[in-house]
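Contents: one structure, followed by commentary.
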Number of protein chains: 2
Amino acid sequence: MAKKKKEAPLTGITISKEDDFSGWYTELINKAELADIRYNIKGFVVYREWATITIRKMYKKTEDLLEEKGHLPLTMPSLIPESNFLLEAEHVEGFAPELFWVTEAGNSGKLPERLALRPTSETALYKMYSMWIRSYKDLPYKRYLSCQVWRYEGKMTRPFLRGREFHWIESHNVFATMEGAMEQVKEDMESTYQILQDECCIPMIFFQRPEWDKFAGAVHTYAADALMGSGKVLQLPSTHLLGQNFSKPFDVKFVDTDGEEKYGYQTCYGPAQSRNYGAMIAYLGDDQGLVLPFDLAPIQIVIIPILFKEKEDIVLTKAKEIFERLKNKFTVKIDDSDESPGSKFYNWELKGVPIRIEIGPRDLEKNQMVLVKRHDGKKIFVKDPDLEKVVDEIAQNYTREIKEKSMIDFESQIELTYEKDAAIEAIKNGKIVACGFCSIDLDGERCAEIVEKDIGAEVRGKRVDEEKHEFATCLICGKPASCTVYLAKSY
Amino acid sequence: MAKKKKEAPLTGITISKEDDFSGWYTELINKAELADIRYNIKGFVVYREWATITIRKMYKKTEDLLEEKGHLPLTMPSLIPESNFLLEAEHVEGFAPELFWVTEAGNSGKLPERLALRPTSETALYKMYSMWIRSYKDLPYKRYLSCQVWRYEGKMTRPFLRGREFHWIESHNVFATMEGAMEQVKEDMESTYQILQDECCIPMIFFQRPEWDKFAGAVHTYAADALMGSGKVLQLPSTHLLGQNFSKPFDVKFVDTDGEEKYGYQTCYGPAQSRNYGAMIAYLGDDQGLVLPFDLAPIQIVIIPILFKEKEDIVLTKAKEIFERLKNKFTVKIDDSDESPGSKFYNWELKGVPIRIEIGPRDLEKNQMVLVKRHDGKKIFVKDPDLEKVVDEIAQNYTREIKEKSMIDFESQIELTYEKDAAIEAIKNGKIVACGFCSIDLDGERCAEIVEKDIGAEVRGKRVDEEKHEFATCLICGKPASCTVYLAKSY
């Protein structure tokens with residue numbers, strides 16, 4: 001027999017999440033076949049079937065929510081002429097190091113102008129907005145795109161968490177007033193909680209990012225940090241108050257009720273990202289593999305017939321009957337492959353299927369079956385006529401149960417510190433540091449550099465919800481504190 | 001007041017479809033705000049909200065159908081290294097003139113290898129298939145991608161119908177035998193009928209394309225031609241039998257039941273394209289604007305309150321009541337803007353909303369409302385308690401009614417011709433020509449060139465369903481005919 005390259009056989013995960021998070025994540029991605037990093041361009045990965053299905057479900061929920069809140073979808077070209085970027089100086093400066101450029105086409109060689117693969121769509125879209133928006137009647141103007149973007153990322157890439165091509169939803173909105181725009185920012189933050197916390201069970205908190213860390217061209221950036229446990233955070237969706245920073249150079253104007261022509265106030269927001277998926281599987285997964293919220297699982301129920309000789313037919317028939325009873329309400333699969341029951345259990349646990357139904361000849365005799373819940377491993381013996389009722393109950397409670405375990409009280413994560421050494425110690429101990437800070441305007445950037453160098457953490461910014469802690473002085477420079485900030489390590 | 005560029009005000013379509021199809025199509029696109037060609041890269045257009053929503057619904061139907069038939073989704077990078085293309089000689093030769101190249105990134109300048117924007121994904125995907133597929137147990141291997149592709153198109157571009165970036169679904173499949181692959185081609189053709197004919201009401205027929213007109217690298221190409229009326233056709237989805245043409249250079253192998261390692265047999269298929277949307281709106285639309293199948297309309301029912309002074313409140317209250325009664329089952333909108341009722345009628349006809357409900361003070365007195373069906377303009381007076389029943393009936397029959405009008409019997413479109421002059425005449429008269437042909441292998445290419453030059457039509461290929469007409473000799477060279485082919489002008 002000819003030799004053929006093979007993947008390692010599918011077995012359980014061998015690295016403990018607690019001991020080696022990074023190794024565990026890589027093994028999870030490979031063993032559960034979520035992504036393939038062997039694609040032959042650095043930083044570009046294939047999202048495999050199981051991940052694609054869940055990411056789509058996450059997209060769908062986000063799109064539905066945006067549409068409920070009055071956003072309409074659009075489809076934009078993915079290339080942006082270089083000249084568009086040059087219109088907003090801060091934006092181009094921020095994104096220039098990250099752009100991929102199309103410079104040649106067909107047999108005709110060089111293009112007359114370089115075309116960027118979009119890193120984000122402001123500079124493509126706002127040129128159109130200036131043609132589409134005419135009057136106050138068109139406002140608020142709320143749109144979104146579901147698309148991919150490309151960034152020539154310098155940092156190490158990781159499947160879903162950081163790549164040179166990633167998938168997201170971006171929403172772009174125009175208002176008559178700054179207050180209207182700020183209301184949108186608040187709505188965006190609420191939507192983020194609805195999607196990430198309620199649907200994906202990821203605990204998170206919003207910070208207003210410091211000036212040196214905001215979106216290129218924004219007035220302010222408000223970003224969700226996922227609380228990944230042990231003090232580390234991961235940046236998730238952010239919403240940006242753009243004010244008139246783009247509407248002026250891109251000429252996004254409207255005739256107001258008073259007949260005057262005015263520049264619009266804008267916001268943009270990135271609610272969905274392949275990164276959300278990465279955060280979810282990293283945060284919820286365990287040493288058996290994936291744990292997925294019920295709605296987001298590609299398969300919700302797997303039926304495993306336990307086959308013994310001479311009893312195969314009746315068990316298989318029963319398995320099919322169960323399938324028929326459940327298939328209209330749930331995504332169900334019968335695994336009748338010739339693997340052993342044990343290896344089937346491992347495999348579907350690895351894949352995070354929420355409910356496993358085991359049915360064998362003995363169960364049949366007792367007119368029962370065994371249900372096992374993935375997220376807590378609980379076994380439930382169910383009498384045949386109760387099946388639908390019990391499955392319904394599990395389905396209804398499953399995501400809430402995960403969430404009850406996964407939510408983290410932010411207050412319990414933080415440590416209030418009044419001097420640098422205490423902050424260094426707290427970060428080492430897996431805490432998020434709350435401290436006084438001189439300023440999150442550009443004046444404070446030097447102190448932030450010291451935080452990074454000496455404390456090994458980043459200034460994540462000012463808490464957006466109610467701030468309960470006050471400090472008199474800046475942890476670093478000792479000058480009067482203008483606000484409380486939070487320091488954390490980030491992924 | 002400052003000057004501001006404005007779009008033309010929204011009014012009805014002024015060009016007749018029958019007199020000037022091309023002018024009509026352009027006006028439809030602009031007035032109904034379906035696409036914007038003012039994006040500043042040649043051949044790249046924006047799909048606006050109304051088109052995006054319908055295209056998504058078409059995608060969703062296609063994805064659901066593919067998944068029902070055992071395909072799973074994947075997400076592939078959109079860039080392909082130049083070296084991948086070089087593996088299949090015919091493929092690279094066919095696509096080289098159409099590739100956009102990424103050559104630079106960030107501040108670091110030139111990339112070590114040119115990266116193509118994918119024109120189609122064979123050369124990206126099959127390298128992965130060679131790593132993923134191991135055994136006959138993995139077959140059939142049926143996958144699909146929903147993505148966009150880029151082609152540096154030389155022909156004149158048109159919104160939806162031909163562009164340098166377009167959106168599609170591509171399915172890529174591997175089988176143990178050539179017969180298995182051919183069965184997939186048949187399934188694909190059936191799916192095309194289900195989507196395009198049944199859902200989109202586009203009459204069509206499948207041809208096996210001549211050898212000189214097949215997909216680069218395929219054994220055979222089977223392509224749907226939409227019958228656009230007056231003898232012209234428009235190429236829609238095609239499915240390709242690839243045999244082992246790609247599996248050999250890309251090393252897509254499996255261990256068969258006999259323990260031997262063998263190359264797989266492949267197919268690929270592009271069921272959904274933005275072009276399908278273009279074909280649908282072009283074919284079904286009329287001089288009032290869009291006509292859309294019921295399921296595919298972004299808004300299915302528009303309620304127009306006819307407002308007179310002092311009766312405004314009770315009419316608006318009634319409109320809202322109707323909205324509440326219908327909104328759970330249909331996509332409904334109340335148009336309470338301050339436009340005149342007449343201009344609202346025009347606008348929603350232009351947009352192709354299937355059902356318009358008019359309600360005024362007199363209707364209220366009579367406890368009735370007026371329903372108007374977009375596709376045939378029929379007015380129906382409905383007593384208030386009958387509303388739900390009547391709307392249900394219209395909704396159920398609407399698409400079927402469009403289809404009954406739109407289907408074209410292929411036989412009625414063709415003219416059997418036995419000499420060139422008759423064929424020239426038939427094409428002039430808006431017919432599709434059926435004739436004898438020497439060969440659709442490469443031997444016949446010279447005769448096809450004469451068809452194009454002298455008759456002004458293209459050899460579309462050999463009919464895939466039953467052929468009823470036989471000819472003794474080739475229309476062009478007079479040699480014995482090997483088959484019957486069809487000649488038509490195409491868009």
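Quick note on naming: the chains in the structure tokens go A, B, ... in the order shown, residues restart at 1 in each chain, and ligands are numbered from 1 in order of appearance.
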Set the cut-off to 7 Å and count only C-alpha atoms: what are the residues of chain A that reach chain B? Output as a ChimeraX atom specification.
/A:1-2,44-49,52-53,72-77,96-107,152,259-261
So that I have them on file, write out the residues from the current selection with C-alpha atoms, as a PDB file, in the first residue's frame.
```
ATOM      1  CA  MET A   1       0.000   0.000   0.000  1.00  0.00           C
ATOM      2  CA  ALA A   2       1.291   3.429  -0.949  1.00  0.00           C
ATOM      3  CA  PHE A  44      -4.373  32.966   6.846  1.00  0.00           C
ATOM      4  CA  VAL A  45      -6.258  29.952   8.161  1.00  0.00           C
ATOM      5  CA  VAL A  46      -9.130  27.771   7.019  1.00  0.00           C
ATOM      6  CA  TYR A  47     -12.189  27.735   9.278  1.00  0.00           C
ATOM      7  CA  ARG A  48     -13.486  24.215   9.144  1.00  0.00           C
ATOM      8  CA  GLU A  49     -17.093  22.991   9.057  1.00  0.00           C
ATOM      9  CA  THR A  52     -18.123  27.804  10.288  1.00  0.00           C
ATOM     10  CA  ILE A  53     -21.571  26.577  11.311  1.00  0.00           C
ATOM     11  CA  LEU A  72     -30.126  47.721   7.130  1.00  0.00           C
ATOM     12  CA  PRO A  73     -27.541  45.548   5.356  1.00  0.00           C
ATOM     13  CA  LEU A  74     -25.343  46.705   2.475  1.00  0.00           C
ATOM     14  CA  THR A  75     -22.676  45.009   0.367  1.00  0.00           C
ATOM     15  CA  MET A  76     -19.493  46.986  -0.286  1.00  0.00           C
ATOM     16  CA  PRO A  77     -16.551  46.242  -2.566  1.00  0.00           C
ATOM     17  CA  ALA A  96      -0.910  52.170   6.746  1.00  0.00           C
ATOM     18  CA  PRO A  97       1.330  49.531   8.398  1.00  0.00           C
ATOM     19  CA  GLU A  98      -1.490  46.977   8.156  1.00  0.00           C
ATOM     20  CA  LEU A  99      -2.598  47.278   4.528  1.00  0.00           C
ATOM     21  CA  PHE A 100      -2.306  44.658   1.810  1.00  0.00           C
ATOM     22  CA  TRP A 101      -2.060  46.239  -1.634  1.00  0.00           C
ATOM     23  CA  VAL A 102      -3.335  45.013  -4.973  1.00  0.00           C
ATOM     24  CA  THR A 103      -0.997  46.529  -7.556  1.00  0.00           C
ATOM     25  CA  GLU A 104      -1.295  44.278 -10.617  1.00  0.00           C
ATOM     26  CA  ALA A 105      -4.090  42.678 -12.615  1.00  0.00           C
ATOM     27  CA  GLY A 106      -4.389  40.284 -15.532  1.00  0.00           C
ATOM     28  CA  ASN A 107      -1.853  40.459 -18.291  1.00  0.00           C
ATOM     29  CA  TYR A 152      -1.072  42.727   7.819  1.00  0.00           C
ATOM     30  CA  GLY A 259     -32.785  74.468   5.895  1.00  0.00           C
ATOM     31  CA  GLU A 260     -29.095  74.685   6.734  1.00  0.00           C
ATOM     32  CA  GLU A 261     -26.623  72.146   5.430  1.00  0.00           C
TER      33      GLU A 261
END
```
Can you pull out every residue from stretch 249-486 of chain B that DSSP, working from the backbone, puts in strand (DSSP E or B), and format the result as a VMD selection string?
chain B and resid 253 to 255 261 to 263 265 to 273 286 289 301 to 305 332 to 334 355 to 359 368 to 373 379 to 383 414 to 416 432 to 437 458 to 463 473 480 483 to 486
Could you pull out the alpha helix (DSSP H) residues of stretch 163-253 of chain A from DSSP and send them as number ranges by chain?
A: 178-192, 247-250
What's the 9 Å shell around stretch 417-434 of chain B, counting only C-alpha atoms, without same-chain residues fewer than 6 positions away, as a ChimeraX atom specification?
/B:229-233,451,454-457,469,471,473-476,484-489
